[in-house]
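S.K.: I'm passing along target03.cif; it holds mmCIF, C-alpha atoms.
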data_input
#
loop_
_atom_site.label_atom_id
_atom_site.label_comp_id
_atom_site.auth_asym_id
_atom_site.auth_seq_id
_atom_site.Cartn_x
_atom_site.Cartn_y
_atom_site.Cartn_z
CA MET W 3 23.86 83.74 219.99
CA ASN W 4 25.56 83.46 216.56
CA PHE W 5 25.99 80.00 215.10
CA GLU W 6 29.83 80.03 215.30
CA LEU W 7 29.72 80.45 219.08
CA PHE W 8 26.90 77.88 219.32
CA ILE W 9 28.90 75.25 217.41
CA ALA W 10 32.05 76.04 219.43
CA ARG W 11 30.18 75.49 222.70
CA ARG W 12 28.78 72.20 221.45
CA ILE W 13 32.27 71.01 220.51
CA TYR W 14 33.65 72.10 223.88
CA SER W 15 30.93 70.32 225.87
CA ASP W 16 30.62 67.23 223.63
CA ARG W 17 30.80 64.23 225.97
CA GLU W 18 30.75 61.68 223.17
CA ALA W 19 34.13 62.96 222.04
CA ALA W 20 35.63 61.35 225.13
CA ARG W 21 35.88 58.11 223.15
CA GLY W 22 37.95 59.81 220.48
CA VAL W 23 41.23 61.66 220.38
CA SER W 24 39.90 65.18 220.93
CA ARG W 25 38.93 64.92 224.59
CA PRO W 26 42.42 63.84 225.78
CA ALA W 27 43.89 66.53 223.53
CA ILE W 28 41.66 69.13 225.15
CA ARG W 29 42.67 67.95 228.60
CA ILE W 30 46.36 68.05 227.71
CA ALA W 31 46.03 71.53 226.25
CA LEU W 32 44.10 72.70 229.31
CA ALA W 33 46.69 71.17 231.65
CA GLY W 34 49.49 72.83 229.69
CA ILE W 35 47.92 76.26 230.09
CA VAL W 36 47.17 75.72 233.80
CA VAL W 37 50.65 74.43 234.62
CA GLY W 38 52.43 77.01 232.47
CA LEU W 39 50.60 80.00 233.94
CA ALA W 40 50.82 78.66 237.51
CA VAL W 41 54.58 78.13 237.18
CA MET W 42 55.02 81.64 235.79
CA ILE W 43 53.05 83.21 238.65
CA ILE W 44 54.92 81.17 241.27
CA SER W 45 58.28 82.09 239.69
CA ILE W 46 57.45 85.79 239.74
CA CYS W 47 56.15 85.76 243.33
CA VAL W 48 59.09 83.74 244.66
CA VAL W 49 61.84 85.67 242.88
CA MET W 50 60.32 89.06 243.71
CA GLY W 51 59.88 87.93 247.31
CA PHE W 52 63.46 86.68 247.50
CA LYS W 53 64.88 89.88 246.03
CA GLN W 54 62.77 92.03 248.34
CA GLU W 55 63.66 89.99 251.43
CA VAL W 56 67.42 90.10 250.83
CA ALA W 57 67.40 93.75 249.73
CA ASP W 58 65.44 94.77 252.84
CA LYS W 59 68.01 93.03 255.05
CA VAL W 60 70.91 94.80 253.36
CA VAL W 61 69.08 98.11 253.73
CA GLY W 62 68.38 97.30 257.39
CA PHE W 63 72.11 97.16 258.06
CA GLY W 64 73.04 100.25 256.06
CA SER W 65 70.00 102.17 254.70
CA HIS W 66 69.22 103.08 251.07
CA ILE W 67 71.60 106.03 250.81
CA GLN W 68 74.64 107.00 252.87
CA VAL W 69 76.38 110.36 253.14
CA VAL W 70 79.93 109.50 254.22
CA SER W 71 83.47 110.82 254.07
CA LEU W 72 85.66 110.41 251.00
CA THR W 73 88.77 111.38 252.97
CA GLN W 74 90.98 108.65 254.45
CA ASP W 75 93.64 108.76 257.15
CA GLU W 76 97.10 107.20 257.04
CA TYR W 77 95.61 103.82 257.98
CA GLN W 78 93.26 103.84 254.97
CA GLN W 79 90.26 104.39 257.22
CA ARG W 80 87.59 106.94 256.43
CA MET W 81 87.82 110.15 258.42
CA PRO W 82 84.73 111.40 260.26
CA VAL W 83 82.54 114.13 258.83
CA VAL W 84 80.44 116.78 260.53
CA THR W 85 76.85 115.55 260.59
CA SER W 86 75.18 118.57 262.11
CA ASP W 87 71.49 119.38 261.99
CA SER W 88 72.16 121.75 259.10
CA LEU W 89 73.50 118.86 257.00
CA VAL W 90 70.42 116.79 257.81
CA GLN W 91 68.23 119.70 256.72
CA VAL W 92 70.16 120.10 253.46
CA VAL W 93 69.77 116.40 252.66
CA ALA W 94 66.04 116.48 253.46
CA ALA W 95 65.53 119.65 251.40
CA THR W 96 67.38 118.13 248.44
CA ALA W 97 65.08 115.11 248.59
CA ASP W 98 62.02 117.40 248.71
CA GLU W 99 63.22 119.35 245.66
CA TRP W 100 63.92 116.11 243.78
CA ALA W 101 60.45 114.82 244.62
CA GLU W 102 58.83 118.06 243.46
CA ARG W 103 60.65 117.87 240.12
CA HIS W 104 59.43 114.31 239.63
CA GLY W 105 55.88 115.02 240.74
CA ARG W 106 55.83 112.80 243.81
CA THR W 107 56.02 113.04 247.57
CA SER W 108 59.38 112.98 249.32
CA PRO W 109 60.74 109.41 249.38
CA VAL W 110 62.78 110.01 252.55
CA SER W 111 61.27 108.30 255.58
CA HIS W 112 64.11 108.81 258.07
CA ILE W 113 67.62 110.25 258.42
CA GLN W 114 69.99 109.04 261.15
CA ARG W 115 73.63 109.36 262.16
CA PHE W 116 76.00 106.45 262.61
CA ALA W 117 79.62 105.82 263.58
CA VAL W 118 81.68 102.68 262.91
CA ARG W 119 84.96 101.43 264.32
CA MET W 120 86.75 98.15 263.72
CA GLY W 121 87.58 96.22 266.87
CA MET W 122 88.05 92.80 268.37
CA LEU W 123 85.67 91.02 270.71
CA LYS W 124 87.59 88.62 272.97
CA THR W 125 86.69 85.90 275.43
CA ASP W 126 88.97 83.57 277.38
CA ASP W 127 88.87 80.99 274.58
CA ASP W 128 88.42 82.87 271.32
CA PHE W 129 88.20 86.25 269.59
CA LEU W 130 86.59 87.84 266.53
CA GLY W 131 87.39 90.94 264.51
CA LEU W 132 84.14 92.89 264.12
CA GLN W 133 82.66 96.16 262.98
CA PHE W 134 81.23 98.08 265.94
CA LYS W 135 78.42 100.29 264.75
CA GLY W 136 77.34 103.09 267.06
CA VAL W 137 73.97 104.79 266.70
CA GLY W 138 72.07 107.41 268.67
CA GLU W 139 68.56 108.01 269.88
CA ASP W 140 67.55 109.08 266.37
CA TYR W 141 68.18 105.55 265.06
CA ASP W 142 65.22 103.66 263.56
CA THR W 143 65.25 100.34 265.44
CA THR W 144 62.45 98.69 263.43
CA PHE W 145 64.78 96.36 261.53
CA PHE W 146 66.62 95.00 264.57
CA LYS W 147 63.40 94.71 266.57
CA THR W 148 62.08 92.46 263.80
CA TYR W 149 65.10 90.15 263.97
CA LEU W 150 65.76 90.35 267.71
CA ASP W 151 66.08 86.72 268.80
CA GLU W 152 66.85 87.13 272.49
CA GLY W 153 67.17 89.89 275.09
CA ARG W 154 66.64 93.57 274.30
CA LEU W 155 68.08 96.33 272.16
CA PRO W 156 70.86 98.56 273.56
CA ARG W 157 70.12 101.99 274.97
CA PHE W 158 71.24 104.10 272.04
CA GLY W 159 72.42 107.47 273.29
CA SER W 160 74.55 110.38 272.10
CA ASP W 161 75.43 111.90 275.47
CA GLU W 162 76.54 108.96 277.62
CA ALA W 163 77.84 105.43 277.27
CA SER W 164 75.31 102.67 277.90
CA GLY W 165 77.84 99.83 277.84
CA ASP W 166 75.23 97.71 275.96
CA LEU W 167 76.12 95.54 273.00
CA LEU W 168 73.84 93.79 270.51
CA ILE W 169 75.47 90.78 268.84
CA SER W 170 74.32 88.22 266.28
CA ARG W 171 73.47 84.59 266.89
CA TYR W 172 76.56 83.58 264.89
CA ILE W 173 78.85 85.64 267.15
CA SER W 174 77.09 84.26 270.21
CA LYS W 175 77.74 80.67 269.15
CA THR W 176 81.30 81.32 267.96
CA LEU W 177 82.44 83.06 271.16
CA ASN W 178 80.09 81.09 273.42
CA ILE W 179 78.52 84.19 274.96
CA SER W 180 74.87 84.97 275.65
CA THR W 181 72.70 87.78 276.95
CA GLY W 182 73.81 89.09 280.33
CA ASP W 183 77.47 88.19 279.78
CA ARG W 184 80.16 90.84 280.05
CA VAL W 185 82.86 90.78 277.42
CA PHE W 186 85.93 92.87 276.56
CA ALA W 187 86.45 94.59 273.22
CA TYR W 188 89.81 95.91 272.02
CA PHE W 189 90.34 98.74 269.53
CA ILE W 190 93.70 99.34 267.87
CA SER W 191 94.73 102.50 266.02
CA GLY W 192 98.39 102.69 265.11
CA ASN W 193 100.36 102.11 268.33
CA ASP W 194 97.39 102.88 270.53
CA MET W 195 95.12 100.13 271.90
CA ARG W 196 91.99 100.77 273.93
CA ALA W 197 89.80 98.29 275.80
CA ARG W 198 86.12 98.57 276.62
CA ARG W 199 83.90 96.26 278.61
CA PHE W 200 80.43 95.68 277.20
CA ASN W 201 77.30 94.00 278.50
CA VAL W 202 75.66 91.72 275.94
CA CYS W 203 72.04 92.88 276.15
CA GLY W 204 70.58 91.14 273.11
CA ILE W 205 71.09 88.73 270.22
CA TYR W 206 69.74 89.19 266.70
CA GLU W 207 69.61 86.80 263.76
CA THR W 208 68.91 87.91 260.18
CA ASN W 209 70.56 84.92 258.42
CA LEU W 210 72.37 87.42 256.17
CA SER W 211 75.67 85.78 257.02
CA GLU W 212 77.96 88.45 255.59
CA TYR W 213 76.57 90.98 258.08
CA ASP W 214 75.69 88.64 260.95
CA ARG W 215 79.32 87.56 261.12
CA SER W 216 80.75 91.07 261.26
CA THR W 217 78.35 93.59 262.79
CA VAL W 218 77.53 94.46 266.40
CA LEU W 219 75.59 97.48 267.65
CA THR W 220 76.26 99.87 270.53
CA ASP W 221 75.69 103.55 271.29
CA ILE W 222 77.28 106.25 269.16
CA TYR W 223 78.73 108.02 272.21
CA THR W 224 81.09 105.09 272.89
CA ILE W 225 82.39 105.04 269.31
CA ARG W 226 82.96 108.79 269.31
CA ARG W 227 84.91 108.56 272.58
CA LEU W 228 87.05 105.72 271.21
CA CYS W 229 87.85 107.72 268.09
CA ASN W 230 88.26 111.10 269.86
CA TRP W 231 85.57 112.67 267.68
CA ASP W 232 83.54 115.77 268.46
CA ALA W 233 79.90 115.50 269.46
CA ASP W 234 78.76 116.48 265.94
CA GLN W 235 81.14 114.15 264.08
CA SER W 236 80.12 110.74 262.74
CA SER W 237 81.00 108.25 260.06
CA GLY W 238 78.05 109.66 258.13
CA LEU W 239 74.30 109.85 257.65
CA GLU W 240 71.97 107.02 256.70
CA VAL W 241 68.98 108.01 254.58
CA LEU W 242 66.06 105.58 254.62
CA LEU W 243 63.59 105.73 251.73
CA THR W 244 60.05 104.45 251.36
CA ASP W 245 61.13 102.21 248.45
CA PHE W 246 63.84 101.69 245.84
CA ASP W 247 62.04 103.68 243.14
CA GLY W 248 64.24 106.54 241.98
CA MET W 249 67.01 105.76 244.46
CA GLU W 250 69.84 106.16 241.94
CA SER W 251 68.44 109.45 240.62
CA LEU W 252 67.99 110.81 244.15
CA THR W 253 71.58 109.82 245.00
CA ASP W 254 72.82 111.80 242.01
CA ALA W 255 70.78 114.81 243.12
CA MET W 256 72.26 114.64 246.63
CA ASN W 257 75.74 114.26 245.20
CA ALA W 258 75.24 117.40 243.14
CA VAL W 259 74.42 119.38 246.29
CA VAL W 260 76.45 117.71 249.06
CA GLY W 261 78.99 115.52 247.31
CA HIS W 262 82.65 116.64 247.05
CA SER W 263 82.07 119.59 249.37
CA PRO W 264 84.30 119.87 252.48
CA ASP W 265 83.23 120.15 256.10
CA ARG W 266 84.93 122.47 258.61
CA ASP W 267 87.90 120.07 258.97
CA GLY W 268 88.41 119.69 255.22
CA CYS W 269 86.92 116.18 254.95
CA THR W 270 84.97 115.69 251.74
CA TYR W 271 81.41 114.38 251.63
CA GLY W 272 80.34 111.58 249.28
CA VAL W 273 76.89 110.12 248.63
CA PHE W 274 76.36 106.44 247.74
CA HIS W 275 73.29 104.25 247.39
CA VAL W 276 73.04 100.70 248.69
CA LYS W 277 73.67 99.07 245.31
CA GLU W 278 77.06 100.79 245.22
CA LEU W 279 77.83 99.87 248.82
CA ALA W 280 76.92 96.18 248.35
CA PRO W 281 77.35 95.57 244.59
CA HIS W 282 78.05 91.85 244.89
CA ILE W 283 74.72 91.10 246.54
CA PHE W 284 72.65 93.17 244.11
CA SER W 285 74.55 91.77 241.12
CA TRP W 286 73.67 88.29 242.36
CA LEU W 287 70.02 89.31 242.75
CA GLY W 288 70.08 90.73 239.22
CA VAL W 289 71.06 87.32 237.84
CA LEU W 290 67.74 85.97 239.14
CA ASP W 291 65.90 88.13 236.61
CA VAL W 292 67.53 86.16 233.79
CA ASN W 293 66.31 82.91 235.34
CA VAL W 294 62.76 84.24 235.57
CA ILE W 295 62.80 85.40 231.95
CA MET W 296 63.95 81.95 230.82
CA ILE W 297 61.18 80.27 232.84
CA LEU W 298 58.55 82.64 231.43
CA VAL W 299 59.68 82.04 227.84
CA LEU W 300 59.73 78.25 228.26
CA MET W 301 56.31 78.12 229.94
CA ILE W 302 54.74 80.39 227.32
CA CYS W 303 56.19 78.16 224.59
CA VAL W 304 54.80 75.03 226.28
CA ALA W 305 51.35 76.57 226.71
CA SER W 306 51.34 77.86 223.12
CA PHE W 307 52.35 74.47 221.75
CA THR W 308 49.66 72.61 223.69
CA VAL W 309 46.98 75.08 222.57
CA ALA W 310 48.04 74.86 218.92
CA SER W 311 48.35 71.05 218.92
CA GLY W 312 45.03 70.61 220.73
CA LEU W 313 43.26 72.93 218.28
CA LEU W 314 44.71 71.14 215.26
CA ILE W 315 43.71 67.72 216.63
CA ILE W 316 40.15 68.99 217.16
CA MET W 317 40.08 70.33 213.60
CA LEU W 318 41.28 67.04 212.13
CA GLU W 319 38.80 65.00 214.12
CA ARG W 320 35.99 67.37 213.13
CA ILE W 321 36.86 67.36 209.44
CA GLN W 322 33.46 65.94 208.44
CA MET W 323 31.68 68.55 210.52
CA ILE W 324 33.72 71.23 208.75
CA GLY W 325 32.68 69.76 205.39
CA THR W 326 29.05 69.77 206.46
CA LEU W 327 29.27 73.42 207.52
CA LYS W 328 30.86 74.30 204.18
CA ALA W 329 28.20 72.36 202.29
CA LEU W 330 25.53 74.33 204.15
CA GLY W 331 27.11 77.56 202.98
CA ALA W 332 29.53 78.47 205.73
CA GLY W 333 32.67 80.18 204.50
CA ASN W 334 36.25 79.63 205.64
CA GLY W 335 35.95 82.67 207.89
CA ALA W 336 32.94 81.22 209.69
CA VAL W 337 34.71 77.88 210.18
CA ARG W 338 37.78 79.64 211.56
CA ARG W 339 35.61 81.62 213.97
CA VAL W 340 34.06 78.39 215.24
CA PHE W 341 37.44 76.98 216.23
CA ALA W 342 38.73 80.36 217.41
CA ASN W 343 35.77 80.58 219.83
CA PHE W 344 36.47 77.04 220.96
CA ALA W 345 40.15 77.87 221.60
CA ILE W 346 39.19 81.05 223.50
CA MET W 347 37.00 78.95 225.81
CA LEU W 348 39.88 76.53 226.34
CA VAL W 349 42.45 79.26 227.00
CA GLY W 350 40.06 81.20 229.24
CA GLN W 351 39.37 78.19 231.43
CA GLY W 352 43.07 77.32 231.57
CA MET W 353 44.04 80.87 232.57
CA VAL W 354 41.40 81.00 235.32
CA TRP W 355 42.59 77.71 236.81
CA GLY W 356 46.24 78.65 236.30
CA ASN W 357 45.76 81.85 238.31
CA ILE W 358 43.84 80.00 241.02
CA VAL W 359 46.48 77.27 241.37
CA GLY W 360 49.47 79.64 241.21
CA LEU W 361 48.10 82.25 243.61
CA LEU W 362 46.76 79.62 246.02
CA LEU W 363 50.12 77.86 246.27
CA CYS W 364 51.87 81.20 246.76
CA TYR W 365 49.42 82.20 249.49
CA VAL W 366 49.89 78.89 251.32
CA GLN W 367 53.67 79.39 251.28
CA TYR W 368 53.30 83.05 252.29
CA ARG W 369 51.03 82.16 255.19
CA PHE W 370 52.56 78.93 256.51
CA HIS W 371 56.20 78.90 255.20
CA ILE W 372 55.95 75.23 254.23
CA VAL W 373 58.99 75.08 251.90
CA ALA W 374 62.17 75.69 253.93
CA LEU W 375 65.60 76.84 252.75
CA ASP W 376 69.14 76.56 254.05
CA ALA W 377 69.62 80.00 255.59
CA SER W 378 73.41 79.71 255.42
CA VAL W 379 73.18 79.56 251.62
CA TYR W 380 70.08 81.57 250.70
CA TYR W 381 70.11 84.15 253.57
CA ILE W 382 66.51 83.22 254.49
CA ASP W 383 65.02 80.16 256.17
CA SER W 384 61.95 79.66 253.94
CA VAL W 385 60.88 80.41 250.38
CA PRO W 386 59.68 84.04 250.39
CA VAL W 387 56.64 85.19 248.44
CA ARG W 388 55.73 88.67 247.26
CA PHE W 389 52.54 89.32 245.30
CA TYR W 390 53.83 91.81 242.76
CA TRP W 391 50.57 92.50 240.94
CA PRO W 392 51.88 94.57 237.99
CA LEU W 393 54.04 91.65 236.84
CA ILE W 394 51.33 89.06 237.52
CA ILE W 395 48.84 91.06 235.45
CA ALA W 396 51.47 91.59 232.74
CA VAL W 397 52.10 87.82 232.50
CA ASN W 398 48.37 87.19 232.11
CA VAL W 399 48.09 89.82 229.39
CA ILE W 400 51.15 88.51 227.52
CA THR W 401 49.86 84.94 227.77
CA LEU W 402 46.48 86.04 226.40
CA ILE W 403 48.07 87.93 223.50
CA ILE W 404 50.34 85.03 222.53
CA ALA W 405 47.45 82.57 222.84
CA ALA W 406 45.35 84.80 220.56
CA ALA W 407 48.17 84.85 218.00
CA VAL W 408 48.50 81.05 218.17
CA ILE W 409 44.73 80.60 217.82
CA PHE W 410 44.64 82.96 214.84
CA GLY W 411 47.51 81.15 213.13
CA ALA W 412 46.21 77.64 213.83
CA SER W 413 42.67 78.44 212.68
CA HIS W 414 43.97 79.61 209.28
CA ILE W 415 45.55 76.25 208.56
CA MET W 416 42.17 74.63 207.96
CA SER W 417 40.74 75.77 204.63
CA ILE W 418 38.41 73.43 202.69
CA ASP W 419 37.44 74.06 199.09
CA ARG W 420 35.75 70.71 198.26
CA PRO W 421 33.03 69.94 200.82
CA ALA W 422 31.80 66.88 198.91
CA LYS W 423 35.21 65.20 199.15
CA THR W 424 35.49 66.19 202.80
CA LEU W 425 32.14 64.62 203.65
CA ARG W 426 33.57 61.25 202.59
CA TRP W 427 36.52 61.65 205.00
CA ASP W 428 36.89 58.71 207.37
#
Let me see the file written as structure tokens.
M.R.:
Amino acid sequence: MNFELFIARRIYSDREAARGVSRPAIRIALAGIVVGLAVMIISICVVMGFKQEVADKVVGFGSHIQVVSLTQDEYQQRMPVVTSDSLVQVVAATADEWAERHGRTSPVSHIQRFAVRMGMLKTDDDFLGLQFKGVGEDYDTTFFKTYLDEGRLPRFGSDEASGDLLISRYISKTLNISTGDRVFAYFISGNDMRARRFNVCGIYETNLSEYDRSTVLTDIYTIRRLCNWDADQSSGLEVLLTDFDGMESLTDAMNAVVGHSPDRDGCTYGVFHVKELAPHIFSWLGVLDVNVIMILVLMICVASFTVASGLLIIMLERIQMIGTLKALGAGNGAVRRVFANFAIMLVGQGMVWGNIVGLLLCYVQYRFHIVALDASVYYIDSVPVRFYWPLIIAVNVITLIIAAAVIFGASHIMSIDRPAKTLRWD
């Protein structure tokens, strides 16, 4: 062991210094590092969890990418497009080609048809204007199974009407209907009004109020019959991806192949990703990144300040020791290395405890959902947590680099040229 590291360890473990100023300074510096790093880790995990939770709910209602019609009728409603098997194959092949160009596997996990029609759900006492979304047997029900609160999912079919309807908890409370009830829905198009009787088979609750208040699910056959569409016509295709990585680029690739091309009836296809379909929600989520950056900058500044101040206090209190080392032949470089080693020990211990505290608190919240939220405001009922390891590791690395720069700068402040005068320091 070299003497600089030996002296640094003696300073770090000196119990007699507890009567002086240095020990409280060390504790404050250590606490600053622990709190700063823990807050940064918690901020990252919570914000990433919140963004992922809300984004997944939006995707659950409408998928990552939609192939829809750009053509509107005289009532400013989108016309149906032909969503044949050949179109599904073209979309899948385009995704495969895009993945091959980018050196990755195909990001498409599922492709499904959907049909929407605006209508009104009416009871004896009240009514609500809603979007009726019809889906077929190819529909991925994972999302609605996750948030199914009561009853069962409808029988989604393309060849016959099931008469089932899945509504949200908000609609259930507003119209005072529950599973097993039969309710009338009315659909108006120009001068034509049609009525259908549905059986409420289930109730879901996602707490994403914008969608919970407006969306109900039934079979695609019913919607096609209401709209007088052919068996291969739909509002469009929903393309589910494995993640958001490359979603915008893949959308552009699909637009280049499918977009602006007409179907057999002259309706034009358009391709949009979820951030274009729900820009207000993703813009709001983007603002959270600014908040996280501000928190990270402030916490790094606090930790840096406590390390620098603690190191300077130790240097000032050890001024006689520095003079003794210089009198014995130690140069300024050796003295700086002593205090640099001491600061590395301090920062290392602080970062270890900061990671332990931050990750432990995040795990407790992830496992037990202790901290609750107002779902009507935040779209979720408890603080979400996502362990996004690349960012957590990046924060640790950045903290270590900044701490090293602070240690290097602070250690260069102390330079003694007259050891004899320093030895008389009191």
S.K.: Which residues of range 219-335 of chain W sit at most 12 Å from range 168-171 of chain W, using all atoms listed in the file? Give each one's shortest atom pair and distance in Å (one decimal place), in chain and ascending residue order, as a Markdown table.
M.R.:
| residue | atom | partner | partner_atom | distance |
| --- | --- | --- | --- | --- |
| W:Leu219 | CA | W:Leu168 | CA | 5.0 |
| W:Thr220 | CA | W:Leu168 | CA | 6.5 |
| W:Asp221 | CA | W:Leu168 | CA | 10.0 |
S.K.: Please list as a ChimeraX atom specification every residue within 7 Å of Asn343 in chain W, counting all atoms listed in the file and excluding residues in the same chain fewer than 4 positions away.
M.R.: /W:7,10,339,347
S.K.: Got a sec: who's within 10 Å of Leu348 in chain W, counting only C-alpha atoms, leaving out chain neighbours fewer than 6 positions off, as a PyMOL selection string?
M.R.: chain W and resi 14+28-29+31-32+35+309+312-313+342
S.K.: Just the residues within 9 Å of Val37 in chain W, please, counting all atoms listed in the file, with nothing from its chain fewer than 5 positions along; format it as a ChimeraX atom specification.
M.R.: /W:32,42,301,305,352,355-356,359-360
S.K.: Please build the interface table for range 94-115 of chain W against range 244-266 of chain W with a cut-off of 9 Å, listing for each qualifying residue the nearest atom pair and the distance in Å to one decimal; count all atoms listed in the file, order rows by chain and increasing number, and write it as a Markdown table.
M.R.:
| residue | atom | partner | partner_atom | distance |
| --- | --- | --- | --- | --- |
| W:Thr96 | CA | W:Met256 | CA | 6.3 |
| W:Ala97 | CA | W:Leu252 | CA | 6.8 |
| W:Trp100 | CA | W:Leu252 | CA | 6.7 |
| W:Ala101 | CA | W:Leu252 | CA | 8.6 |
| W:Ser108 | CA | W:Thr244 | CA | 8.8 |
| W:Pro109 | CA | W:Thr244 | CA | 5.4 |
| W:Val110 | CA | W:Thr244 | CA | 6.3 |
| W:Ser111 | CA | W:Thr244 | CA | 5.8 |
| W:His112 | CA | W:Thr244 | CA | 9.0 |
S.K.: Show me the residues around (60.2, 80.5, 234.8) - criterion: an atom at most 10 Å away, all atoms listed in the file counted - as an NGL selection string.
M.R.: :W and (38-46 or 49 or 291-302)
S.K.: Around the point (49.7, 78.3, 218.6) (coordinates from the file), which residues reach within 9 Å if we count only C-alpha atoms? Answer as a PyMOL selection string.
M.R.: chain W and resi 303+305-311+313+404-412
S.K.: Can you turn the PyMOL selection byres ((chain W and resi 282-288) around 10) into a concrete residue list for this file, as a PyMOL selection string?
M.R.: chain W and resi 49-50+52-54+56-57+60+212+276-281+289-293
